[in-house]
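Novice: Dropping the structure in here first, questions after.
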Amino acid sequence: MLKTLVSGDTPRSPILLAILIVILICLAFAPFLFPGVRSVDTAARICIFIVLVASYDLLLGYGGIVSFAHTMFFGLGAYGVALASTHMGRGFDALLVGSVAGAGLAALLALVIGLFSLRVRAIFFAMITLAVASAVAVLVSQLSTLTGGEDGLSFKIPRALGPAFKFMDGEIFGVKANGKLLKYYLVFISCFVLFLLMLRVVNSPFGRVLQAIRENDFRAEAIGYRVVHYRVAATCLSAAIAALAGALYAVWLRYVGPDTTLSMEIMIDILLMVVIGGMGTMYGAVIGATLFVLAQNYLQNVLSLAGESVSTLPLLPDLLNADRWLLWLGVLFILSVYFFPTGIVGRLRGK
Amino acid sequence: MSAAPEHAPTMAKMSLTERLAPHAPILLVIALILAGLVAIPATSSWLTLTVSGLAMGMMIFIMASGLTLVFGLMDVINFGHGAFVSVGAFVGVSFLLLLERMTGAPNLLWNLTALMVAIVGAMGATGVMGWAFERVIVKPVYGHHLKQILVTMGGLIVVEQLIIVLWGPEEIYITRPEALKGAITFAGAALEKYRLVAVGIGLVVFLAMRYTLRRTKIGLIVRAGVENGEMVQALGYNLRMVFIGVFVAGSALAGLGGVLWGLYQEVITAHMGNQTMILVFIVVIIGGLGSVEGCFIGALLVGLMQNYVAFLEPKAALISNIALMVAILMWRPMGMIPVVKAK
């Protein structure tokens with residue numbers, strides 16, 4: 001039964017299994033295990049980034065396609081929800097319409113970009129997505145009447161998801177039974193379902209063909225698979241799921257802005273998470289996203305401690321400055337592409 | 001026995017379109033300039049915009065040429081190319097700030113000397129950096145596009161962060177050398193002096209590059225290498241050395257582009273390289289990966305388009321370049337001047 005749930009793709013490593021179970025338990029009971037605004041917020045971010053990173057992995061790890069437009073799709077979903085909620089008023093219908101419209105638009109855009117670039121050379125795709133994504137980011141910050149520009153949009157979500165709403169009296173294990181709890185579980189369950197869905201996709205015949213194309217596209221074509229169709233389909237699917245993740249993120253934050261959803265920094269974060277976690281394994285996305293979000297929130301403190309301890313030496317304090325943590329992640333990223341192309345999950349599986 | 005059919009060879013004159021087809025890309029530039037003339041109401045502003053479009057195009061060309069050659073020669077796609085642009089700009093600007101006495105004096109010769117010193121310094125620094133980048137980052141991932149994209153992107157992140165470590169996180173504002181400030185008036189149009197200098201430098205670089213590629217032996221080897229690398233190696237040339245040379249030259253040119261771009265914008269940030277890469281990629285794609293001429297024409301198109309559209313409808317400027325790319329890819333899916341490859 002459990003095996004069917006994960007589509008027969010078991011972790012295949014006792015340590016990995018243990019880590020995954022710990023992560024799952026921590027996320028499933030985060031509001032009870034780690035009460036506190038910041039830690040619940042971190043847990044929700046982890047859930048959403050797992051889905052986002054897994055959808056990127058579907059493209060990069062399984063399809064062998066590098067895209068730099070993943071934040072654009074993420075942002076489409078987020079802005080979809082924000083715009084629908086602003087114009088249709090607060091309500092679940094607005095959330096639904098916004099996410100579906102965002103996901104549909106993302107898939108359509110992915111289809112157009114994919115047809116243009118994947119038809120010629122897969123390498124064009126990386127460059128074209130980079131160009132299109134930056135153009136969209138600029139456009140969003142310029143169209144301030146519609147999107148709120150640089151300031152972004154704050155909007156109201158259904159009352160049932162707000163802290164003022166009580167769905168039962170009293171507390172559950174010391175946690176207030178309010179809408180905030182419901183919102184967390186909305187995010188968590190949606191992410192869980194989306195993740196299982198992706199696990200299903202990559203272990204389906206479709207996923208196998210994608211992997212075959214990644215390994216040797218010429219051969220896959222010769223066997224009779226329409227390589228372009230599969231690549232474009234993977235792109236659309238991954239874009240739609242990224243948009244849904246964006247919709248969840250918007251619901252969680254009740255805010256969208258270019259910096260939180262569209263920026264190049266997030267794109268680089270996603271890349272780091274996929275590669276460090278392990279390309280071509282859905283579980284890599286779980287590990288990568290969890291580690292990264294935790295590091296983002298807590299590693300900076302460690303670095304600043306290290307920076308203070310060497311503050312008498314020249315240059316070193318600058319290198320160990322808390323704001324320079326991306327430098328070390330970049331180094332780690334390069335090293336992991338060279339030496340551990342299969343990432344943490346690949347190492348644990350002993351490949 | 002019937003007589004053999006009369007032999008009447010006809011030599012049909014090639015139709016106009018057939019004769020024009022090989023020159024289509026360059027005609028497109030002229031067509032765009034003419035379209036600008038029609039669309040922009042005042043001739044003087046058209047002239048100003050054309051000059052600034054050409055200047056921008058030249059700078060983008062300088063940055064993009066190395067990228068396209070490196071791809072053509074070794075099938076290496078360098079997403080970290082923008083790092084050289086940033087480093088070039090920072091090194092060049094540091095030199096200009098050191099030579100403040102020379103740049104501050106209202107003497108064109110002194111100013112140009114200072115600019116030249118900055119350019120040589122920046123090109124030297126980025127050239128050395130290019131060599132190191134090739135050795136450390138690119139060499140281990142030959143023949144693997146996916147890893148190349150990832151690793152060079154990682155290199156870009158590291159270099160950007162190192163720039164912040166060395167020069168601080170703030171953006172640096174710079175003023176152009178004294179004699180290059182302001183504009184000259186020609187036929188009622190204000191032409192910024194600096195842009196004219198940029199057009200001049202760009203033309204010199206393009207012509208020098210064209211000469212090297214077309215007339216010298218090393219250029220012959222490079223072109224042959226782009227066409228069919230294995231054959232060149234079979235003839236006994238060390239293509240690897242040639243490639244390192246091209247990579248270093250391309251990096252140095254990116255550094256030159258960085259200095260020019262920094263002075264053009266009058267502000268430099270660690271991320272400027274990656275921002276210019278957006279236009280560079282568009283140029284490289286529409287020109288045809290591996291083609292220097294295509295890159296030049298593509299850069300002019302993008303520069304002109306950007307300036308014309310920014311004048312007519314500011315918000316559409318970047319989108320117009322994407323539209324240009326889409327249109328050209330529909331017309332010629334491999335770019336305007338596709339480089340035929342045996343691969």
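Residues in the structure tokens are named by chain (A, B, ... in the order shown) and by number from 1 within that chain; ligands are numbered from 1 in the order shown.
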So that I can see what lies close to region 339-344 of chain A, please list as a PyMOL selection string the residues with an atom at most 7 Å from it, counting only C-alpha atoms and leaving out residues fewer than 5 positions away in the same chain.

Specialist: chain A and resi 275-279+284

Novice: Restricting the output to C-alpha atoms, write the selected residues as an mmCIF file, in the first residue's frame.

Specialist:
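Saved as part_18.cif:
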data_model
loop_
_atom_site.group_PDB
_atom_site.id
_atom_site.type_symbol
_atom_site.label_atom_id
_atom_site.label_comp_id
_atom_site.auth_asym_id
_atom_site.auth_seq_id
_atom_site.Cartn_x
_atom_site.Cartn_y
_atom_site.Cartn_z
ATOM 1 C CA VAL A 275 21.873 19.906 -7.532
ATOM 2 C CA ILE A 276 22.776 19.587 -3.867
ATOM 3 C CA GLY A 277 19.805 17.332 -3.142
ATOM 4 C CA GLY A 278 20.369 15.163 -6.162
ATOM 5 C CA MET A 279 19.264 15.540 -9.758
ATOM 6 C CA GLY A 284 16.610 14.849 -3.792
#

Novice: Can you tell me, as number ranges by chain, what residues are no more than 12 Å from Ala105 (chain B) when counting only C-alpha atoms, ignoring any on the same chain fewer than 3 positions away?

Specialist: B: 99-102, 108-114, 176-181

Novice: Could you tell me, as a ChimeraX atom specification, which residues of region 135-332 of chain B DSSP assigns to helix (DSSP H, G or I) when given the backbone?

Specialist: /B:135-141,145-167,178-180,193-215,217-227,229-234,239-265,272-287,292-312,314-331

Novice: For Ala239 (chain A), find every residue with an atom within 9 Å (counting only C-alpha atoms), except residues of its own chain fewer than 6 positions away, and show them as a list in words.

Specialist: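 Surrounding residues, per the criterion: Ser55, Tyr56, Ala69, His70, Met72, Phe73, Phe74, Ala103, Ala106, Ala107, Leu108, Leu109 and Ala110 of chain A.
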
Novice: Considering only strand (DSSP E or B) as DSSP defines it on the backbone, what residues of region 104-179 of chain A qualify? List them as a list in words.

Specialist: Leu153, Ser154, Lys166, Phe167, Met168, Asp169, Gly170, Glu171, Ile172, Val175, Lys176, Ala177 and Asn178 of chain A

Novice: Skipping near chain neighbours, those fewer than 2 positions away, what residues fall within 8 Å of Val187 (chain A) using only C-alpha atoms, listed as a CSV table (one decimal) with C-alpha atoms, in the first residue's frame?

Specialist:
chain,number,residue,atom,x,y,z
A,44,ALA,CA,5.5,26.0,5.1
A,47,CYS,CA,6.7,22.3,1.8
A,48,ILE,CA,6.3,24.8,-1.0
A,183,LYS,CA,-3.9,27.3,6.2
A,184,TYR,CA,-0.8,25.4,7.2
A,185,TYR,CA,-2.6,22.1,6.5
A,189,ILE,CA,-1.6,18.5,2.1
A,190,SER,CA,-1.6,20.2,-1.3
A,191,CYS,CA,2.2,19.9,-1.4
A,248,LEU,CA,0.2,28.1,-2.5
A,252,TRP,CA,0.6,31.4,2.6

Novice: Show me, as a list in words, every residue of chain B with an atom at most 7 Å from chain A, counting only C-alpha atoms.

Specialist: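 Every residue meeting the condition is included here: Leu146, Lys147, Val151, Gly154, Ile157, Val158, Gln161, Val165, Ile278, Phe281, Ile282, Lys315, Leu318, Ile319, Ile322, Pro333 and Met334 of chain B.
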
Novice: Any chance you can output those residues with N, CA and C atoms as a CSV table (one decimal), in the first residue's frame?

Specialist:
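Listing of result01.csv after writing:
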chain,number,residue,atom,x,y,z
B,146,LEU,N,24.7,20.0,-20.2
B,146,LEU,CA,24.0,20.3,-18.9
B,146,LEU,C,24.9,20.7,-17.8
B,147,LYS,N,26.0,19.9,-17.7
B,147,LYS,CA,27.0,20.3,-16.6
B,147,LYS,C,27.6,21.6,-16.9
B,151,VAL,N,27.7,24.4,-14.1
B,151,VAL,CA,29.0,24.8,-13.5
B,151,VAL,C,29.3,26.2,-13.8
B,154,GLY,N,27.4,28.4,-11.7
B,154,GLY,CA,28.0,28.4,-10.3
B,154,GLY,C,29.2,29.3,-10.3
B,157,ILE,N,28.1,32.8,-10.0
B,157,ILE,CA,27.7,33.2,-8.6
B,157,ILE,C,28.9,33.5,-7.8
B,158,VAL,N,29.9,32.6,-7.9
B,158,VAL,CA,31.1,32.8,-7.0
B,158,VAL,C,31.8,34.1,-7.4
B,161,GLN,N,30.0,37.1,-6.1
B,161,GLN,CA,30.1,37.3,-4.7
B,161,GLN,C,31.5,37.8,-4.3
B,165,VAL,N,32.9,41.0,-2.2
B,165,VAL,CA,33.8,40.9,-1.2
B,165,VAL,C,34.9,42.0,-1.4
B,278,ILE,N,21.4,38.9,-20.8
B,278,ILE,CA,20.1,38.7,-21.4
B,278,ILE,C,20.1,39.2,-22.8
B,281,PHE,N,22.5,37.0,-24.9
B,281,PHE,CA,22.0,35.7,-25.3
B,281,PHE,C,21.0,35.9,-26.5
B,282,ILE,N,20.2,36.9,-26.4
B,282,ILE,CA,19.3,37.2,-27.5
B,282,ILE,C,20.1,37.4,-28.8
B,315,LYS,N,7.8,51.0,-22.1
B,315,LYS,CA,7.6,49.7,-21.4
B,315,LYS,C,7.8,48.5,-22.3
B,318,LEU,N,12.1,45.8,-23.7
B,318,LEU,CA,12.7,44.5,-23.6
B,318,LEU,C,11.9,43.5,-24.3
B,319,ILE,N,10.5,43.6,-24.2
B,319,ILE,CA,9.7,42.7,-24.9
B,319,ILE,C,9.9,42.7,-26.4
B,322,ILE,N,12.5,40.4,-27.4
B,322,ILE,CA,12.1,39.0,-27.4
B,322,ILE,C,11.3,38.7,-28.6
B,333,PRO,N,15.3,29.1,-38.1
B,333,PRO,CA,15.4,28.5,-36.8
B,333,PRO,C,16.8,28.4,-36.2
B,334,MET,N,17.8,28.4,-37.0
B,334,MET,CA,19.2,28.3,-36.4
B,334,MET,C,19.8,29.6,-36.2

Novice: Give me, as a CSV table (one decimal) with C-alpha atoms, in the first residue's frame, all polymer residues having an atom no more than 10 Å from His229 (chain A), counting only C-alpha atoms and skipping those fewer than 5 positions away in the same chain.

Specialist:
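The new file out-v2.csv reads:
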chain,number,residue,atom,x,y,z
A,114,GLY,CA,9.2,25.0,-25.7
A,115,LEU,CA,8.0,24.7,-29.3
A,118,LEU,CA,13.3,22.8,-28.0
A,119,ARG,CA,12.5,22.2,-31.7
A,234,ALA,CA,7.5,17.7,-19.5
A,235,THR,CA,8.1,21.5,-19.7
